[in-house]
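Okay, structure first, notes after.
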Amino acid sequence: MSSVLLTGIGELVTNDPTHDGTPLGLLTDAAVVVEDHRVAWVGRRHEAPATDDARDLGGRAVLPGFVDSHSHLLFAGDRAGEFAARMAGESYTGGGIRTTVAATRAATDEQLEANLARHLAEMRRQGTTTVEVKSGYGLSVHDEARALAIARRWTSETTFLGAHVVPPEHADDPAAYVELVTGPMLEAAAPHARWIDAFCERGAFDADQARAVLEAGAAAGLRGRLHANQLGPGPGVRLACELGLTAVDHCTFLADADVEALVGSGTVATLLPGVEFSTRSPYPDARGLLDAGVTVALASDCNPGSCYTSSLPLCVALAVREMRMTPAEAVWAATAGGARALDRDDVGVLAPGRRAHLTVLDAPSHLHLAYRPGVPLVAEVIA
Ligand code: NIG
Ligand code: FE
């Protein structure tokens with residue numbers, strides 16, 4: 001087992017508060033020892049132990065690889081025309097999901113997998129090392145199961161989203177579709193999934209339907225997460241907290257009671273500012289959530305409809321500029337926060353025993369992620 005000393009780290013974000021008493025756990029002039037794909041040691045360069053090999057990172061900043069806890073990468077085609085229409089004044093309703101369902105059903109396994117691989121590589125180049133991937137554009141027993149089987153070859157964080165919208169062939173009988181999702185579709189999907197999710201929103205699934213889906217998923221051994229309060233106020237966030245879900249995502253339209261429910265729960269609020277950027281919706285009140293003591297994660301929501309960015313650096317910049325998160329809060333939310341939203345303790349933090357997933361920036365500090373928006377600052381990803 002060979003060990004490598006990474007040295008010359010101008011600023012190291014560890015997310016281990018024991019280093020400096022802040023959540024980001026910053027160290028300057030730092031070094032990391034990597035052994036067998038794990039972090040073996042973290043500290044100041046002059047205290048580093050002897051290793052077989054050493055590499056000097058030239059004073060660059062290093063942070064844990066981004067943990068993108070929400071994406072929809074099993075799809076075919078794109079909806080650039082829908083985006084252009086939105087920028088000309090149309091609003092986002094989720095209606096275009098059916099366009100992607102048709103394209104996804106028509107695609108071969110090879111095409112779906114190649115598209116997934118391409119987007120995962122794009123994410124990796126932007127510093128992301130852990131990615132959650134949802135189904136939700138198949139919406140038949142066969143198409144949901146095959147999407148998840150493909151996703152499973154690339155990530156352990158797979159999410160069954162049969163309850164994305166009611167597909168056209170069930171438009172007359174949504175109740176029958178919920179029975180399909182909670183019955184045969186769940187049975188076919190569960191072996192390939194870790195999580196179950198539903199789109200709890202007017203025009204998609206109401207709270208009773210979402211509850212039925214989440215409870216059926218739990219009975220099949222899947223953990224729950226939920227799309228809620230994206231397009232308007234609603235019961236989704238409170239439902240997620242009541243059910244003790246690991247994460248509730250979007251949280252754009254929150255009432256005081258929703259924030260209170262989040263405060264009293266262990267549920268992570270995952271904010272997806274790329275969606276607001278790409279749909280011209282108001283941004284979620286990150287400041288209010290953080291000040292109330294809610295755990296906040298940032299994720300991309302990468303999908304061909306509401307938000308076709310795979311860039312967590314962009315989301316960090318938007319969180320700081322548009323949602324008044326500090327750069328430290330935003331970087332934490334896109335790394336340790338994403339890990340919390342996936343209930344993972346092996347990623348998102350650089351400490352002995354954790355996975356050696358490191359993102360190296362061509363910049364002296366994490367501040368540059370927000371300070372230099374749109375600039376490809378990721379010099380290297382070690383994972
Ligand atoms: O998270 N809200 C539901 N699902 C996705 C968008 C899907 C689409 O428009 O294709 C989202 O925003
Ligand atoms: Fe989503």
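Following the order of the structure tokens, chains are lettered A, B, ..., residues in each are numbered from 1, and ligands are numbered from 1.
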
Exercise answer, 7 Å around ligand 2 with only C-alpha atoms and all ligand atoms, as a short mmCIF file (atom, residue, chain, number, x, y, z; two decimals) with N, CA and C atoms, in the first residue's frame:
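Final output, out.cif:
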data_model
loop_
_atom_site.label_atom_id
_atom_site.label_comp_id
_atom_site.auth_asym_id
_atom_site.auth_seq_id
_atom_site.Cartn_x
_atom_site.Cartn_y
_atom_site.Cartn_z
N HIS A 70 -28.56 15.95 -6.19
CA HIS A 70 -29.83 16.01 -6.92
C HIS A 70 -29.57 16.24 -8.40
N SER A 71 -29.77 15.18 -9.21
CA SER A 71 -29.68 15.38 -10.66
C SER A 71 -30.60 14.39 -11.37
N HIS A 72 -30.93 14.74 -12.59
CA HIS A 72 -31.80 13.89 -13.43
C HIS A 72 -31.05 13.60 -14.73
N HIS A 227 -39.21 16.23 -3.96
CA HIS A 227 -39.26 17.53 -4.65
C HIS A 227 -40.45 18.28 -4.06
N ASP A 301 -29.45 19.91 -9.71
CA ASP A 301 -30.73 19.54 -10.35
C ASP A 301 -30.56 19.34 -11.85
#

(Q) Taking only C-alpha atoms and all ligand atoms into account, list the residues no farther than 9 Å from ligand 1, as a PyMOL selection string. (A) chain A and resi 70-72+75+79+92-101+136-137+164-165+198-201+204+227-228+230-231+249-250+272+275+301-307

Q: Using only C-alpha atoms, pick whichever of A:Val316, A:Val237, A:Ser278, A:Pro284 has the shortest atom-to-atom distance to Leu262 in chain A.
A: A:Val237

Q.
Which residues are near range 217-225 of chain A? Cut-off 12 Å, only C-alpha atoms, ignore same chain within fewer than 5 positions. Put them as number ranges by chain.
A. A: 69-70, 132, 134, 157-163, 181-200, 210-212, 236-237, 239-250, 267-270, 341-343

Q: Kindly give the distance, in Å, that separates CA of Leu298 in chain A and CA of Glu276 in chain A, rounded to a single decimal.
A: 12.8 Å

Using only C-alpha atoms, what table do you get, as a tab-separated table, when you list each residue of range 58-134 of chain A with an atom no more than 6 Å from range 3-17 of chain A, its nearest pair of atoms, and their distance in Å rounded to one decimal, rows by chain then rising number?
residue	atom	partner	partner_atom	distance
A:Gly58	CA	A:Gly8	CA	5.2
A:Gly59	CA	A:Gly10	CA	4.0
A:Arg60	CA	A:Gly10	CA	5.1
A:Ala61	CA	A:Glu11	CA	4.6
A:Val62	CA	A:Leu12	CA	4.9
A:Leu63	CA	A:Val13	CA	4.6

Output file for the selection above: N, CA and C atoms, as a PDB file, in the first residue's frame:
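Output contents, as saved in out-v3.pdb:
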ATOM      1  N   GLY A  58       1.584  23.520  -5.572  1.00  0.00           N
ATOM      2  CA  GLY A  58       1.918  24.871  -6.021  1.00  0.00           C
ATOM      3  C   GLY A  58       1.105  25.986  -5.373  1.00  0.00           C
ATOM      4  N   GLY A  59       0.663  25.784  -4.149  1.00  0.00           N
ATOM      5  CA  GLY A  59      -0.056  26.856  -3.449  1.00  0.00           C
ATOM      6  C   GLY A  59      -1.528  26.940  -3.791  1.00  0.00           C
ATOM      7  N   ARG A  60      -2.050  25.981  -4.537  1.00  0.00           N
ATOM      8  CA  ARG A  60      -3.464  26.013  -4.919  1.00  0.00           C
ATOM      9  C   ARG A  60      -4.372  25.703  -3.730  1.00  0.00           C
ATOM     10  N   ALA A  61      -5.637  26.078  -3.869  1.00  0.00           N
ATOM     11  CA  ALA A  61      -6.653  25.709  -2.874  1.00  0.00           C
ATOM     12  C   ALA A  61      -7.187  24.322  -3.209  1.00  0.00           C
ATOM     13  N   VAL A  62      -7.484  23.567  -2.156  1.00  0.00           N
ATOM     14  CA  VAL A  62      -8.039  22.216  -2.317  1.00  0.00           C
ATOM     15  C   VAL A  62      -9.267  22.094  -1.427  1.00  0.00           C
ATOM     16  N   LEU A  63     -10.305  21.455  -1.950  1.00  0.00           N
ATOM     17  CA  LEU A  63     -11.520  21.236  -1.155  1.00  0.00           C
ATOM     18  C   LEU A  63     -12.015  19.814  -1.390  1.00  0.00           C
TER      19      LEU A  63
END

Q | Ala319 in chain A surroundings by only C-alpha atoms, 10 Å radius, close-in-sequence under 2 positions cut, as a PyMOL selection string | A | chain A and resi 271-274+283-284+286-287+298+313-317+321-327+329-331+333+370

Go ahead and save the residues from that selection, with N, CA, C and O atoms, as a tab-separated table (two decimals), in the first residue's frame.
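Full text of part.tsv as output:
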chain	number	residue	atom	x	y	z
A	271	LEU	N	-31.14	23.28	-1.77
A	271	LEU	CA	-31.50	24.39	-2.64
A	271	LEU	C	-30.81	24.21	-3.99
A	271	LEU	O	-29.68	23.72	-4.06
A	272	LEU	N	-31.52	24.60	-5.04
A	272	LEU	CA	-31.10	24.32	-6.41
A	272	LEU	C	-31.14	25.62	-7.21
A	272	LEU	O	-32.01	25.81	-8.08
A	273	PRO	N	-30.23	26.55	-6.92
A	273	PRO	CA	-30.36	27.89	-7.51
A	273	PRO	C	-30.21	27.93	-9.02
A	273	PRO	O	-30.63	28.91	-9.64
A	274	GLY	N	-29.66	26.87	-9.61
A	274	GLY	CA	-29.61	26.83	-11.07
A	274	GLY	C	-31.01	26.82	-11.66
A	274	GLY	O	-31.24	27.31	-12.78
A	283	TYR	N	-35.47	33.32	-6.05
A	283	TYR	CA	-34.58	32.37	-5.37
A	283	TYR	C	-35.14	32.02	-3.99
A	283	TYR	O	-35.82	32.83	-3.37
A	284	PRO	N	-34.83	30.80	-3.50
A	284	PRO	CA	-35.25	30.44	-2.14
A	284	PRO	C	-34.56	31.32	-1.10
A	284	PRO	O	-33.48	31.87	-1.36
A	286	ALA	N	-32.42	31.31	1.33
A	286	ALA	CA	-31.34	30.55	2.00
A	286	ALA	C	-30.96	31.21	3.32
A	286	ALA	O	-30.72	30.53	4.31
A	287	ARG	N	-30.91	32.53	3.28
A	287	ARG	CA	-30.48	33.26	4.49
A	287	ARG	C	-31.42	32.95	5.66
A	287	ARG	O	-30.99	32.68	6.78
A	298	LEU	N	-26.52	22.43	-1.34
A	298	LEU	CA	-26.67	22.98	-2.69
A	298	LEU	C	-26.44	21.85	-3.68
A	298	LEU	O	-25.51	21.06	-3.53
A	313	PRO	N	-19.79	24.79	-9.22
A	313	PRO	CA	-19.22	26.13	-9.05
A	313	PRO	C	-20.22	27.24	-9.42
A	313	PRO	O	-20.29	28.27	-8.73
A	314	LEU	N	-21.00	27.04	-10.47
A	314	LEU	CA	-22.02	28.04	-10.80
A	314	LEU	C	-23.04	28.15	-9.66
A	314	LEU	O	-23.44	29.26	-9.27
A	315	CYS	N	-23.47	27.01	-9.13
A	315	CYS	CA	-24.46	27.05	-8.05
A	315	CYS	C	-23.92	27.76	-6.82
A	315	CYS	O	-24.65	28.49	-6.14
A	316	VAL	N	-22.64	27.55	-6.53
A	316	VAL	CA	-22.01	28.25	-5.40
A	316	VAL	C	-22.04	29.76	-5.65
A	316	VAL	O	-22.42	30.55	-4.77
A	317	ALA	N	-21.68	30.15	-6.86
A	317	ALA	CA	-21.67	31.59	-7.17
A	317	ALA	C	-23.08	32.18	-7.08
A	317	ALA	O	-23.28	33.27	-6.53
A	321	ARG	N	-24.25	35.18	-4.62
A	321	ARG	CA	-24.69	36.44	-5.22
A	321	ARG	C	-26.20	36.66	-5.04
A	321	ARG	O	-26.66	37.76	-4.74
A	322	GLU	N	-26.98	35.59	-5.24
A	322	GLU	CA	-28.44	35.76	-5.31
A	322	GLU	C	-29.16	35.34	-4.02
A	322	GLU	O	-30.30	35.70	-3.82
A	323	MET	N	-28.52	34.51	-3.19
A	323	MET	CA	-29.23	34.00	-2.00
A	323	MET	C	-28.54	34.43	-0.71
A	323	MET	O	-28.87	33.95	0.35
A	324	ARG	N	-27.56	35.28	-0.83
A	324	ARG	CA	-26.88	35.84	0.34
A	324	ARG	C	-26.30	34.78	1.27
A	324	ARG	O	-26.26	34.96	2.47
A	325	MET	N	-25.86	33.69	0.71
A	325	MET	CA	-25.05	32.76	1.50
A	325	MET	C	-23.62	33.30	1.48
A	325	MET	O	-23.20	33.91	0.49
A	326	THR	N	-22.88	33.10	2.54
A	326	THR	CA	-21.46	33.48	2.48
A	326	THR	C	-20.75	32.45	1.60
A	326	THR	O	-21.22	31.32	1.45
A	327	PRO	N	-19.59	32.82	1.05
A	327	PRO	CA	-18.85	31.81	0.28
A	327	PRO	C	-18.58	30.56	1.10
A	327	PRO	O	-18.66	29.44	0.58
A	329	GLU	N	-20.42	29.31	3.56
A	329	GLU	CA	-21.66	28.53	3.66
A	329	GLU	C	-21.96	27.80	2.36
A	329	GLU	O	-22.43	26.65	2.37
A	330	ALA	N	-21.72	28.48	1.25
A	330	ALA	CA	-22.05	27.87	-0.04
A	330	ALA	C	-21.13	26.71	-0.36
A	330	ALA	O	-21.57	25.65	-0.83
A	331	VAL	N	-19.84	26.86	-0.08
A	331	VAL	CA	-18.90	25.77	-0.34
A	331	VAL	C	-19.21	24.59	0.58
A	331	VAL	O	-19.20	23.43	0.15
A	333	ALA	N	-22.14	23.84	1.79
A	333	ALA	CA	-23.42	23.26	1.35
A	333	ALA	C	-23.25	22.37	0.11
A	333	ALA	O	-23.99	21.40	-0.07
A	370	ALA	N	-16.87	31.88	-5.94
A	370	ALA	CA	-17.95	32.86	-6.10
A	370	ALA	C	-17.44	34.16	-6.72
A	370	ALA	O	-18.17	34.84	-7.45

Could you please write out, as a PDB file with C-alpha atoms, in the first residue's frame, every residue of range 251-286 of chain A that DSSP assigns to alpha helix (DSSP H)?
ATOM      1  CA  ASP A 256     -43.157  30.179   8.188  1.00  0.00           C
ATOM      2  CA  ALA A 257     -44.686  26.808   9.134  1.00  0.00           C
ATOM      3  CA  ASP A 258     -42.435  25.086   6.575  1.00  0.00           C
ATOM      4  CA  VAL A 259     -39.322  26.680   8.049  1.00  0.00           C
ATOM      5  CA  GLU A 260     -40.480  25.730  11.556  1.00  0.00           C
ATOM      6  CA  ALA A 261     -41.014  22.149  10.422  1.00  0.00           C
ATOM      7  CA  LEU A 262     -37.501  22.059   8.937  1.00  0.00           C
ATOM      8  CA  VAL A 263     -35.972  23.490  12.111  1.00  0.00           C
ATOM      9  CA  PRO A 273     -30.357  27.885  -7.505  1.00  0.00           C
ATOM     10  CA  GLY A 274     -29.615  26.831 -11.066  1.00  0.00           C
ATOM     11  CA  VAL A 275     -33.357  26.232 -11.403  1.00  0.00           C
ATOM     12  CA  GLU A 276     -34.259  29.763 -10.383  1.00  0.00           C
ATOM     13  CA  PHE A 277     -31.549  31.087 -12.699  1.00  0.00           C
ATOM     14  CA  SER A 278     -32.917  29.049 -15.610  1.00  0.00           C
ATOM     15  CA  THR A 279     -36.612  29.626 -14.964  1.00  0.00           C
ATOM     16  CA  ALA A 286     -31.343  30.554   2.001  1.00  0.00           C
TER      17      ALA A 286
END

Q.
To test your reading of the structure, identify every residue in range 120-358 of chain A that backbone DSSP assigns to strand (DSSP E or B), and report it as a ChimeraX atom specification.
A. /A:128-131,133-134,158-163,195-200,205,223-228,247-250,268-271,296-298,302-303,307,355,358

Q: For range 88-90 of chain A, list every protein, DNA or RNA residue within 10 Å, evaluated using only C-alpha atoms, and leave out those in the same chain fewer than 5 positions away; present the list as a ChimeraX atom specification.
A: /A:82-83,279-280

Selection above as a file: N, CA and C atoms, as a JSON list (two decimals), in the first residue's frame:
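Final output, result00.json:
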[["chain", "number", "residue", "atom", "x", "y", "z"],
["A", 82, "GLU", "N", -37.59, 25.19, -25.46],
["A", 82, "GLU", "CA", -38.41, 25.56, -24.30],
["A", 82, "GLU", "C", -37.70, 26.63, -23.47],
["A", 83, "PHE", "N", -36.37, 26.49, -23.35],
["A", 83, "PHE", "CA", -35.61, 27.49, -22.61],
["A", 83, "PHE", "C", -35.70, 28.85, -23.30],
["A", 279, "THR", "N", -35.16, 29.48, -14.79],
["A", 279, "THR", "CA", -36.61, 29.63, -14.96],
["A", 279, "THR", "C", -37.09, 31.03, -14.60],
["A", 280, "ARG", "N", -36.17, 31.88, -14.16],
["A", 280, "ARG", "CA", -36.51, 33.23, -13.71],
["A", 280, "ARG", "C", -37.54, 33.23, -12.58]]

Q.
I'd like the neighbourhood of Ala121 in chain A as number ranges by chain, where a residue qualifies if any of its atoms comes within 12 Å (using only C-alpha atoms), though same-chain residues fewer than 5 positions away should be ignored.
A. A: 73, 114-116, 126-131, 154, 310-311, 381

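Here the question is which of A:Ala76, A:Ala149, A:Leu26, A:Leu358 gets nearest to Ala328 in chain A using only C-alpha atoms, and that residue is A:Leu26.
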
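Across the model, the gap from CA of Leu369 in chain A to CA of Val32 in chain A is 21.4 Å.
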
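Take CA of Val378 in chain A and CA of Asp362 in chain A: the distance between them is 6.0 Å.
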
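For the choices A:Asp68, A:Asp206, A:Glu113, A:Asp143, the atom-to-atom distance to Ala297 in chain A is smallest for A:Asp68 when using only C-alpha atoms.
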